[in-house]
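The file protein_31.cif contains mmCIF, C-alpha atoms:
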```
data_final
#
loop_
_atom_site.label_atom_id
_atom_site.label_comp_id
_atom_site.auth_asym_id
_atom_site.auth_seq_id
_atom_site.Cartn_x
_atom_site.Cartn_y
_atom_site.Cartn_z
CA MET A 1 123.11 139.06 134.65
CA ASP A 2 126.15 137.11 133.52
CA LEU A 3 125.22 133.48 132.94
CA ASP A 4 128.89 132.52 132.83
CA LYS A 5 128.62 132.03 136.58
CA TYR A 6 127.20 128.61 135.68
CA LEU A 7 129.95 127.81 133.16
CA VAL A 8 132.38 126.04 135.52
CA SER A 9 129.64 123.75 136.83
CA ILE A 10 128.28 123.08 133.34
CA ALA A 11 131.75 122.31 132.02
CA ALA A 12 132.15 119.84 134.89
CA GLY A 13 129.04 118.00 133.73
CA ASP A 14 126.48 119.46 136.15
CA ALA A 15 123.20 118.94 134.27
CA HIS A 16 121.22 120.87 136.89
CA ALA A 17 123.41 123.94 136.30
CA PHE A 18 122.90 123.54 132.57
CA GLY A 19 119.14 123.38 133.07
CA THR A 20 119.23 126.65 135.00
CA TRP A 21 121.43 128.25 132.36
CA ALA A 22 119.20 126.99 129.53
CA SER A 23 116.06 128.34 131.24
CA LEU A 24 117.57 131.81 131.44
CA ALA A 25 119.07 131.63 127.93
CA GLU A 26 116.09 130.12 126.11
CA GLU A 27 114.19 133.27 125.25
CA PRO A 28 117.09 135.27 123.77
CA LEU A 29 118.19 132.16 121.85
CA ARG A 30 114.71 131.58 120.46
CA ARG A 31 114.26 135.22 119.53
CA SER A 32 117.54 135.12 117.61
CA LEU A 33 115.90 132.55 115.30
CA ARG A 34 112.93 134.70 114.26
CA SER A 35 114.29 135.37 110.77
CA PHE A 36 114.29 131.59 110.20
CA ALA A 37 110.74 131.02 111.42
CA SER A 38 109.22 130.50 107.97
CA ILE A 39 111.92 128.14 106.67
CA VAL A 40 112.79 125.85 109.59
CA ASP A 41 111.01 124.39 112.61
CA THR A 42 112.76 126.63 115.16
CA GLU A 43 111.64 124.45 118.09
CA ALA A 44 113.55 121.46 116.70
CA VAL A 45 116.53 123.69 115.84
CA LEU A 46 116.62 125.20 119.32
CA GLN A 47 116.50 121.82 121.05
CA GLU A 48 119.24 120.48 118.79
CA GLY A 49 121.27 123.61 119.43
CA LEU A 50 120.93 123.32 123.21
CA LEU A 51 122.15 119.71 123.05
CA ARG A 52 125.19 120.88 121.09
CA VAL A 53 125.85 123.64 123.64
CA TRP A 54 125.87 121.01 126.39
CA GLN A 55 128.43 119.01 124.39
CA VAL A 56 130.79 121.93 123.65
CA ALA A 57 130.48 123.74 126.99
CA PRO A 58 133.57 122.03 128.50
CA ARG A 59 135.69 123.66 125.77
CA VAL A 60 134.27 127.19 126.16
CA VAL A 61 136.66 129.75 127.63
CA GLU A 62 135.35 132.97 129.18
CA ASP A 63 136.49 135.98 127.18
CA GLY A 64 135.82 138.56 129.89
CA GLN A 65 132.92 140.22 128.04
CA GLY A 66 130.24 138.30 129.94
CA ASN A 67 127.79 135.63 128.76
CA SER A 68 130.47 133.82 126.75
CA LEU A 69 128.44 130.60 126.65
CA LEU A 70 125.24 132.44 125.65
CA ARG A 71 127.00 134.22 122.80
CA MET A 72 128.49 130.94 121.60
CA ALA A 73 125.04 129.33 121.91
CA MET A 74 123.60 132.03 119.65
CA ARG A 75 126.13 131.13 116.98
CA ILE A 76 125.41 127.42 117.44
CA VAL A 77 121.61 127.70 117.10
CA ARG A 78 121.86 130.01 114.10
CA ASN A 79 124.28 127.66 112.36
CA ALA A 80 121.90 124.81 113.20
CA ALA A 81 119.10 126.83 111.59
CA ILE A 82 121.12 127.37 108.42
CA ASP A 83 121.92 123.64 108.27
CA ALA A 84 118.22 122.80 108.75
CA ALA A 85 117.20 125.23 106.01
CA ARG A 86 119.64 123.56 103.62
CA ARG A 87 118.30 120.13 104.53
CA ASN A 88 114.76 121.40 103.86
CA ARG A 89 116.12 122.74 100.56
CA ARG A 90 114.84 126.17 101.52
CA GLN A 91 116.40 129.06 99.71
CA ILE A 92 117.79 131.60 102.13
CA SER A 93 117.01 134.64 100.01
CA GLU A 94 119.02 136.99 102.18
CA ASP A 95 121.55 136.35 104.87
CA PRO A 96 119.43 135.92 108.01
CA LEU A 97 122.45 136.93 110.05
CA GLU A 98 122.40 140.29 108.30
CA SER A 99 118.67 140.79 107.97
CA SER A 100 117.56 139.93 111.49
CA PRO A 101 117.26 142.72 114.01
CA LYS A 102 119.79 142.92 116.79
CA VAL A 103 118.81 140.50 119.51
CA SER A 104 119.83 141.21 123.05
CA VAL A 105 122.00 138.55 124.64
CA ALA A 106 120.64 139.51 128.04
CA PRO A 107 119.12 136.47 129.76
CA VAL A 108 115.51 136.62 130.90
CA GLU A 109 115.02 136.32 134.64
CA PRO A 110 111.89 134.79 136.25
CA ASP A 111 109.10 137.06 137.41
CA PRO A 112 107.45 135.89 140.68
CA TRP A 113 104.46 138.21 140.17
CA LEU A 114 103.79 136.71 136.74
CA ARG A 115 103.90 133.21 138.26
CA GLU A 116 101.33 134.11 140.91
CA ALA A 117 99.05 135.79 138.37
CA ILE A 118 99.17 132.77 136.02
CA HIS A 119 98.31 130.42 138.89
CA GLN A 120 95.30 132.58 139.72
CA CYS A 121 94.17 132.73 136.09
CA ARG A 122 94.64 128.99 135.58
CA GLU A 123 92.24 128.25 138.43
CA LEU A 124 89.56 130.21 136.56
CA LEU A 125 89.73 128.01 133.46
CA PRO A 126 86.88 125.59 132.72
CA ASP A 127 87.67 121.98 133.71
CA ARG A 128 88.38 120.62 130.24
CA THR A 129 90.68 123.43 129.17
CA ARG A 130 92.48 123.32 132.52
CA LEU A 131 92.95 119.56 132.10
CA VAL A 132 94.46 119.98 128.64
CA LEU A 133 96.83 122.67 129.85
CA ARG A 134 97.91 120.51 132.79
CA LEU A 135 98.57 117.48 130.57
CA ARG A 136 100.69 119.53 128.18
CA LEU A 137 102.74 120.99 131.04
CA GLU A 138 103.18 117.67 132.83
CA ALA A 139 104.24 115.95 129.60
CA ALA A 140 107.11 118.46 129.47
CA GLY A 141 107.70 117.95 125.76
CA ASP A 142 108.07 114.20 126.17
CA ARG A 143 104.79 112.98 124.65
CA PRO A 144 102.93 113.81 121.41
CA ASP A 145 99.47 115.36 121.50
CA ARG A 146 97.95 112.18 120.08
CA VAL A 147 98.88 110.40 123.35
CA LEU A 148 97.83 113.34 125.54
CA ALA A 149 94.46 113.50 123.77
CA GLU A 150 93.86 109.82 124.59
CA GLU A 151 94.70 110.52 128.24
CA ALA A 152 92.14 113.34 128.19
CA ASP A 153 89.60 111.09 126.44
CA MET A 154 89.32 113.59 123.60
CA THR A 155 89.92 113.47 119.88
CA LEU A 156 93.17 115.13 118.80
CA ASN A 157 91.23 117.96 117.20
CA THR A 158 89.20 118.62 120.37
CA PHE A 159 92.31 118.42 122.54
CA LEU A 160 94.12 121.01 120.40
CA LYS A 161 91.11 123.33 120.27
CA ASN A 162 90.88 123.18 124.06
CA PHE A 163 94.58 123.95 124.33
CA GLY A 164 94.08 127.02 122.15
CA ARG A 165 91.14 128.11 124.32
CA ALA A 166 93.25 127.67 127.45
CA ARG A 167 96.07 129.81 126.04
CA ARG A 168 93.72 132.57 124.92
CA ALA A 169 91.83 132.56 128.23
CA LEU A 170 95.07 132.74 130.22
CA GLY A 171 96.30 135.64 128.11
CA GLU A 172 93.03 137.54 128.45
CA CYS A 173 92.97 136.97 132.21
CA LEU A 174 96.56 138.25 132.57
CA ASP A 175 95.74 141.29 130.44
CA LYS A 176 92.73 142.05 132.66
CA LYS A 177 94.97 141.87 135.71
CA GLY A 178 97.25 144.41 134.06
CA VAL A 179 100.18 141.97 133.91
CA ASP A 180 102.65 142.91 131.17
CA TRP A 181 103.35 139.27 130.38
CA GLN A 182 104.17 139.91 126.70
CA ARG A 183 106.86 142.49 127.47
CA GLY A 184 109.33 142.59 124.60
CA LEU A 185 107.41 140.03 122.55
CA ARG A 186 104.93 142.19 120.66
CA MET B 1 93.88 135.52 110.33
CA PHE B 2 94.13 131.78 110.65
CA GLY B 3 91.69 128.98 110.98
CA GLN B 4 89.83 129.58 107.72
CA GLU B 5 91.68 127.05 105.64
CA ARG B 6 91.20 123.40 106.48
CA ARG B 7 93.82 120.90 105.47
CA ARG B 8 93.52 117.17 105.07
CA LEU B 9 96.41 115.47 106.85
CA ALA B 10 98.11 112.25 105.85
CA THR B 11 95.88 110.49 108.39
CA GLY B 12 92.80 111.67 106.52
CA VAL B 13 91.75 113.98 109.33
CA GLU B 14 90.86 117.55 108.43
CA MET B 15 92.36 120.20 110.66
CA SER B 16 92.33 123.99 110.47
CA GLU B 17 95.61 125.85 110.37
CA SER B 18 94.94 127.47 113.75
CA THR B 19 94.55 123.98 115.25
CA GLN B 20 97.76 122.81 113.61
CA ILE B 21 99.56 125.79 115.13
CA GLU B 22 98.43 124.56 118.57
CA GLU B 23 100.02 121.19 117.74
CA VAL B 24 103.31 122.77 116.67
CA LEU B 25 103.45 124.61 120.02
CA ASN B 26 104.07 121.26 121.72
CA ALA B 27 107.80 120.92 122.47
CA TYR B 28 107.61 117.20 121.67
CA ARG B 29 109.86 116.33 118.75
CA GLU B 30 110.89 112.88 117.56
CA ARG B 31 114.40 111.87 116.58
CA GLY B 32 114.89 111.67 112.83
CA LEU B 33 116.56 108.77 111.05
CA ASP B 34 119.78 110.81 111.00
CA GLY B 35 119.72 111.10 114.80
CA ARG B 36 118.82 114.78 114.77
CA ILE B 37 115.74 116.19 116.45
CA ALA B 38 113.12 116.11 113.72
CA ASP B 39 110.71 118.82 112.62
CA HIS B 40 107.15 118.51 113.86
CA PRO B 41 105.19 117.00 110.91
CA ALA B 42 102.45 119.62 111.36
CA TRP B 43 104.99 122.43 110.91
CA HIS B 44 105.44 121.39 107.27
CA ASP B 45 101.69 121.73 106.67
CA LEU B 46 101.64 125.37 107.84
CA SER B 47 101.61 128.33 105.48
CA VAL B 48 104.40 130.91 105.74
CA ASP B 49 102.14 133.16 107.81
CA GLY B 50 101.17 130.19 109.96
CA ARG B 51 104.82 129.40 110.68
CA ILE B 52 105.50 132.97 111.78
CA GLU B 53 102.39 132.84 113.96
CA ALA B 54 103.54 129.53 115.47
CA PHE B 55 106.94 131.06 116.26
CA ASP B 56 105.43 134.09 118.01
CA GLU B 57 102.91 131.99 119.94
CA THR B 58 105.66 129.60 121.02
CA LEU B 59 107.59 132.53 122.51
CA ARG B 60 104.52 133.53 124.52
CA GLN B 61 103.69 129.96 125.54
CA ARG B 62 107.23 129.19 126.75
CA ARG B 63 107.24 132.34 128.86
CA LEU B 64 104.04 131.15 130.57
CA GLU B 65 105.45 127.65 131.01
CA GLN B 66 108.61 129.01 132.63
CA ALA B 67 106.55 131.06 135.04
CA LEU B 68 104.46 128.03 136.01
CA HIS B 69 107.33 125.56 136.45
CA PRO B 70 108.81 125.31 139.98
CA ASN B 71 112.36 125.52 138.57
CA GLY B 72 111.52 127.94 135.76
CA CYS B 73 111.91 125.30 133.02
CA SER B 74 109.81 125.58 129.89
CA THR B 75 108.75 122.38 128.15
CA THR B 76 111.55 123.02 125.63
CA VAL B 77 114.22 122.96 128.34
CA SER B 78 112.53 120.02 130.06
CA ALA B 79 112.61 118.06 126.78
CA VAL B 80 116.30 118.84 126.28
CA MET B 81 117.17 117.89 129.86
CA ALA B 82 115.31 114.60 129.45
CA ARG B 83 117.42 113.82 126.37
CA ILE B 84 120.62 114.65 128.27
CA ALA B 85 119.57 112.36 131.12
CA ARG B 86 118.93 109.39 128.79
#
```
Encoded form (structure tokens):
Amino acid sequence: MDLDKYLVSIAAGDAHAFGTWASLAEEPLRRSLRSFASIVDTEAVLQEGLLRVWQVAPRVVEDGQGNSLLRMAMRIVRNAAIDAARRNRRQISEDPLESSPKVSVAPVEPDPWLREAIHQCRELLPDRTRLVLRLRLEAAGDRPDRVLAEEADMTLNTFLKNFGRARRALGECLDKKGVDWQRGLR
Amino acid sequence: MFGQERRRLATGVEMSESTQIEEVLNAYRERGLDGRIADHPAWHDLSVDGRIEAFDETLRQRRLEQALHPNGCSTTVSAVMARIAR
């Protein structure tokens, strides 16, 4: 799949097109940061990198090799990671660009069967863990856990423990269903 | 294996490393004073192994979030799109 089909719209300022592109590009971009995982907060780096991609997209020119914007995004997030490591005064003992395994630039497409299986498994969760999972998803990265815990009428510690239980229960349920939901991640 | 070591946070609350990893999995990040998206404070409290674990668990969690979202957006992408819209 060549995500450059979204490039013209993104360059024209279509945020919806960028959201679709970012959803398909997120996993390969995140995986490209694995060698930085112990020295920078890769979540913050990835978000910062995606914002930069949005800003530079109007100047990106397709080079005919496919996924031009995704390949540029990989360079942007990795440079952002190096900058963050320097700000954290972390020694980069070896060049992460050299030491990291080759990461595919292939975007990850949605899996309708996985979606259905997760919905089924979520319904099996106990009330409190299902509530915590729902609050985290609905917050969409826009609220800290301290606030979500108050909404759930739980202490922060209890909220986070319930979130961990929800994740583990979902994973176990998917495994029992024979869903290969961790494909390529192990 | 995580969860054995308990750490006292700046707030005085004790929290195990496995619980702190759950906190780092949240895509919520504040803006730093320099305008950049700031690190999650709990990330700095994690051990090296804990940070690697947080990275791997985030990959898994975002895949589940994408599958659950009607438009396939993880909380990471949702957070970025919210910043673009502001």
Set the distance at 9 Å and use all atoms listed in the file: which residues neighbour B:Arg51 once local chain neighbours fewer than 2 positions away are removed? I'd like the list as a PDB file with C-alpha atoms, in the frame of the given file.
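Below is the file selection_7.pdb, written as the result:
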```pdb
ATOM      1  CA  ALA A  37     110.740 131.020 111.420  1.00  0.00           C
ATOM      2  CA  SER A  38     109.220 130.500 107.970  1.00  0.00           C
ATOM      3  CA  ILE A  39     111.920 128.140 106.670  1.00  0.00           C
ATOM      4  CA  VAL A  40     112.790 125.850 109.590  1.00  0.00           C
ATOM      5  CA  ASP A  41     111.010 124.390 112.610  1.00  0.00           C
TER       6      ASP A  41
ATOM      7  CA  ILE B  21      99.560 125.790 115.130  1.00  0.00           C
ATOM      8  CA  TRP B  43     104.990 122.430 110.910  1.00  0.00           C
ATOM      9  CA  HIS B  44     105.440 121.390 107.270  1.00  0.00           C
ATOM     10  CA  LEU B  46     101.640 125.370 107.840  1.00  0.00           C
ATOM     11  CA  SER B  47     101.610 128.330 105.480  1.00  0.00           C
ATOM     12  CA  VAL B  48     104.400 130.910 105.740  1.00  0.00           C
ATOM     13  CA  ASP B  49     102.140 133.160 107.810  1.00  0.00           C
ATOM     14  CA  GLU B  53     102.390 132.840 113.960  1.00  0.00           C
ATOM     15  CA  ALA B  54     103.540 129.530 115.470  1.00  0.00           C
ATOM     16  CA  PHE B  55     106.940 131.060 116.260  1.00  0.00           C
ATOM     17  CA  ASP B  56     105.430 134.090 118.010  1.00  0.00           C
TER      18      ASP B  56
END
```
Using only C-alpha atoms, select each residue of chain A with any atom at most 9 Å away from an atom of chain B, and give the selection as a compact mmCIF listing (two decimals) with C-alpha atoms, keeping the file's coordinate frame.
```
# COMPACT_ATOMS: atom_id res chain seq x y z
CA ALA A 15 123.20 118.94 134.27
CA HIS A 16 121.22 120.87 136.89
CA PHE A 18 122.90 123.54 132.57
CA GLY A 19 119.14 123.38 133.07
CA THR A 20 119.23 126.65 135.00
CA ALA A 22 119.20 126.99 129.53
CA SER A 23 116.06 128.34 131.24
CA LEU A 24 117.57 131.81 131.44
CA GLU A 26 116.09 130.12 126.11
CA GLU A 27 114.19 133.27 125.25
CA ARG A 30 114.71 131.58 120.46
CA ARG A 31 114.26 135.22 119.53
CA ARG A 34 112.93 134.70 114.26
CA ALA A 37 110.74 131.02 111.42
CA SER A 38 109.22 130.50 107.97
CA ILE A 39 111.92 128.14 106.67
CA VAL A 40 112.79 125.85 109.59
CA ASP A 41 111.01 124.39 112.61
CA THR A 42 112.76 126.63 115.16
CA GLU A 43 111.64 124.45 118.09
CA ALA A 44 113.55 121.46 116.70
CA VAL A 45 116.53 123.69 115.84
CA LEU A 46 116.62 125.20 119.32
CA GLN A 47 116.50 121.82 121.05
CA GLU A 48 119.24 120.48 118.79
CA LEU A 50 120.93 123.32 123.21
CA LEU A 51 122.15 119.71 123.05
CA TRP A 54 125.87 121.01 126.39
CA PRO A 110 111.89 134.79 136.25
CA ASP A 111 109.10 137.06 137.41
CA PRO A 112 107.45 135.89 140.68
CA LEU A 114 103.79 136.71 136.74
CA ARG A 115 103.90 133.21 138.26
CA GLU A 116 101.33 134.11 140.91
CA ILE A 118 99.17 132.77 136.02
CA HIS A 119 98.31 130.42 138.89
CA ARG A 136 100.69 119.53 128.18
CA LEU A 137 102.74 120.99 131.04
CA GLU A 138 103.18 117.67 132.83
CA ALA A 139 104.24 115.95 129.60
CA ALA A 140 107.11 118.46 129.47
CA GLY A 141 107.70 117.95 125.76
CA ASP A 142 108.07 114.20 126.17
CA ARG A 143 104.79 112.98 124.65
CA PRO A 144 102.93 113.81 121.41
CA ASP A 145 99.47 115.36 121.50
CA ASN A 157 91.23 117.96 117.20
CA LEU A 160 94.12 121.01 120.40
CA LYS A 161 91.11 123.33 120.27
CA PHE A 163 94.58 123.95 124.33
CA GLY A 164 94.08 127.02 122.15
CA ARG A 167 96.07 129.81 126.04
CA TRP A 181 103.35 139.27 130.38
CA GLN A 182 104.17 139.91 126.70
CA LEU A 185 107.41 140.03 122.55
CA ARG A 186 104.93 142.19 120.66
```
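Between atom CA of A:Glu109 and atom CA of A:Val132 the interatomic distance comes to 26.9 Å.
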Atomic distance atom CA of A:Ala169 - atom CA of A:Pro126, expressed in Å with one decimal |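 Atom CA of A:Pro126 lies 9.7 Å from atom CA of A:Ala169.
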How many Å separate atom CA of A:Phe36 from atom CA of A:Val77?
->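 Distance between the two atoms: 10.8 Å.
Shortest separation to A:Glu62 among A:Asp2, A:Arg86, A:Leu29, A:Arg134 occurs at residue A:Asp2, atoms counted being only C-alpha atoms.
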Residue with smallest distance to A:Leu3 - pool A:Arg71, A:Arg168, A:Arg122, A:Arg59, counting all atoms listed in the file =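 That would be A:Arg71, the residue with the smallest distance to A:Leu3.
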Given 5 Å on each side, where is the centre and what are the edge lengths in Å to one decimal of the axis-aligned box enclosing the listed atoms of stretch 77-89 of chain A, as lines of an AutoDock Vina configuration file?
```
center_x = 119.5
center_y = 125.1
center_z = 108.8
size_x = 19.5
size_y = 19.9
size_z = 26.5
```
Select, counting only C-alpha atoms, all protein, DNA and RNA residues no farther than 10 Å from (89.7, 128.5, 132.6) in file coordinates, and express the selection as a PDB file with C-alpha atoms, keeping the file's coordinate frame.
```pdb
ATOM      1  CA  GLN A 120      95.300 132.580 139.720  1.00  0.00           C
ATOM      2  CA  CYS A 121      94.170 132.730 136.090  1.00  0.00           C
ATOM      3  CA  ARG A 122      94.640 128.990 135.580  1.00  0.00           C
ATOM      4  CA  GLU A 123      92.240 128.250 138.430  1.00  0.00           C
ATOM      5  CA  LEU A 124      89.560 130.210 136.560  1.00  0.00           C
ATOM      6  CA  LEU A 125      89.730 128.010 133.460  1.00  0.00           C
ATOM      7  CA  PRO A 126      86.880 125.590 132.720  1.00  0.00           C
ATOM      8  CA  ASP A 127      87.670 121.980 133.710  1.00  0.00           C
ATOM      9  CA  ARG A 128      88.380 120.620 130.240  1.00  0.00           C
ATOM     10  CA  THR A 129      90.680 123.430 129.170  1.00  0.00           C
ATOM     11  CA  ARG A 130      92.480 123.320 132.520  1.00  0.00           C
ATOM     12  CA  LEU A 131      92.950 119.560 132.100  1.00  0.00           C
ATOM     13  CA  LEU A 133      96.830 122.670 129.850  1.00  0.00           C
ATOM     14  CA  ARG A 165      91.140 128.110 124.320  1.00  0.00           C
ATOM     15  CA  ALA A 166      93.250 127.670 127.450  1.00  0.00           C
ATOM     16  CA  ARG A 167      96.070 129.810 126.040  1.00  0.00           C
ATOM     17  CA  ARG A 168      93.720 132.570 124.920  1.00  0.00           C
ATOM     18  CA  ALA A 169      91.830 132.560 128.230  1.00  0.00           C
ATOM     19  CA  LEU A 170      95.070 132.740 130.220  1.00  0.00           C
ATOM     20  CA  CYS A 173      92.970 136.970 132.210  1.00  0.00           C
TER      21      CYS A 173
END
```
Mind filling out stretch 35-65 of chain A with N, CA and C atoms and sending it as a short mmCIF file (atom, residue, chain, number, x, y, z; two decimals), in the coordinates of the input?
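Written file, result-v6.cif:
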```cif
data_model
loop_
_atom_site.label_atom_id
_atom_site.label_comp_id
_atom_site.auth_asym_id
_atom_site.auth_seq_id
_atom_site.Cartn_x
_atom_site.Cartn_y
_atom_site.Cartn_z
N SER A 35 114.18 135.21 112.22
CA SER A 35 114.29 135.37 110.77
C SER A 35 114.25 134.02 110.05
N PHE A 36 114.36 132.93 110.80
CA PHE A 36 114.29 131.59 110.20
C PHE A 36 112.91 130.95 110.34
N ALA A 37 111.99 131.66 111.00
CA ALA A 37 110.74 131.02 111.42
C ALA A 37 109.92 130.43 110.27
N SER A 38 110.03 131.00 109.09
CA SER A 38 109.22 130.50 107.97
C SER A 38 109.91 129.39 107.19
N ILE A 39 111.20 129.14 107.48
CA ILE A 39 111.92 128.14 106.67
C ILE A 39 112.41 126.93 107.46
N VAL A 40 112.42 127.02 108.79
CA VAL A 40 112.79 125.85 109.59
C VAL A 40 111.88 125.78 110.81
N ASP A 41 111.75 124.57 111.35
CA ASP A 41 111.01 124.39 112.61
C ASP A 41 111.96 124.83 113.73
N THR A 42 111.80 126.05 114.20
CA THR A 42 112.76 126.63 115.16
C THR A 42 112.76 125.88 116.50
N GLU A 43 111.66 125.23 116.84
CA GLU A 43 111.64 124.45 118.09
C GLU A 43 112.65 123.29 118.00
N ALA A 44 112.62 122.57 116.88
CA ALA A 44 113.55 121.46 116.70
C ALA A 44 114.99 121.98 116.65
N VAL A 45 115.19 123.10 115.96
CA VAL A 45 116.53 123.69 115.84
C VAL A 45 117.05 124.11 117.21
N LEU A 46 116.19 124.73 118.00
CA LEU A 46 116.62 125.20 119.32
C LEU A 46 117.00 124.03 120.22
N GLN A 47 116.17 122.97 120.21
CA GLN A 47 116.50 121.82 121.05
C GLN A 47 117.82 121.18 120.61
N GLU A 48 117.98 121.05 119.29
CA GLU A 48 119.24 120.48 118.79
C GLU A 48 120.42 121.37 119.18
N GLY A 49 120.21 122.67 119.07
CA GLY A 49 121.27 123.61 119.43
C GLY A 49 121.64 123.53 120.90
N LEU A 50 120.64 123.42 121.77
CA LEU A 50 120.93 123.32 123.21
C LEU A 50 121.71 122.04 123.53
N LEU A 51 121.39 120.96 122.83
CA LEU A 51 122.15 119.71 123.05
C LEU A 51 123.60 119.89 122.62
N ARG A 52 123.81 120.64 121.54
CA ARG A 52 125.19 120.88 121.09
C ARG A 52 125.93 121.77 122.08
N VAL A 53 125.23 122.75 122.63
CA VAL A 53 125.85 123.64 123.64
C VAL A 53 126.33 122.81 124.83
N TRP A 54 125.50 121.89 125.28
CA TRP A 54 125.87 121.01 126.39
C TRP A 54 127.15 120.23 126.04
N GLN A 55 127.26 119.80 124.79
CA GLN A 55 128.43 119.01 124.39
C GLN A 55 129.70 119.85 124.30
N VAL A 56 129.57 121.11 123.85
CA VAL A 56 130.79 121.93 123.65
C VAL A 56 131.15 122.76 124.87
N ALA A 57 130.24 122.86 125.83
CA ALA A 57 130.48 123.74 126.99
C ALA A 57 131.82 123.50 127.68
N PRO A 58 132.28 122.24 127.83
CA PRO A 58 133.57 122.03 128.50
C PRO A 58 134.74 122.71 127.80
N ARG A 59 134.57 123.05 126.52
CA ARG A 59 135.69 123.66 125.77
C ARG A 59 135.56 125.18 125.68
N VAL A 60 134.49 125.74 126.25
CA VAL A 60 134.27 127.19 126.16
C VAL A 60 135.13 127.92 127.20
N VAL A 61 135.81 128.95 126.74
CA VAL A 61 136.66 129.75 127.63
C VAL A 61 136.03 131.14 127.75
N GLU A 62 135.89 131.62 128.97
CA GLU A 62 135.35 132.97 129.18
C GLU A 62 136.28 134.00 128.53
N ASP A 63 135.67 134.97 127.85
CA ASP A 63 136.49 135.98 127.18
C ASP A 63 136.47 137.32 127.91
N GLY A 64 135.82 137.35 129.07
CA GLY A 64 135.82 138.56 129.89
C GLY A 64 134.74 139.56 129.51
N GLN A 65 133.98 139.29 128.46
CA GLN A 65 132.92 140.22 128.04
C GLN A 65 131.56 139.84 128.63
#
```
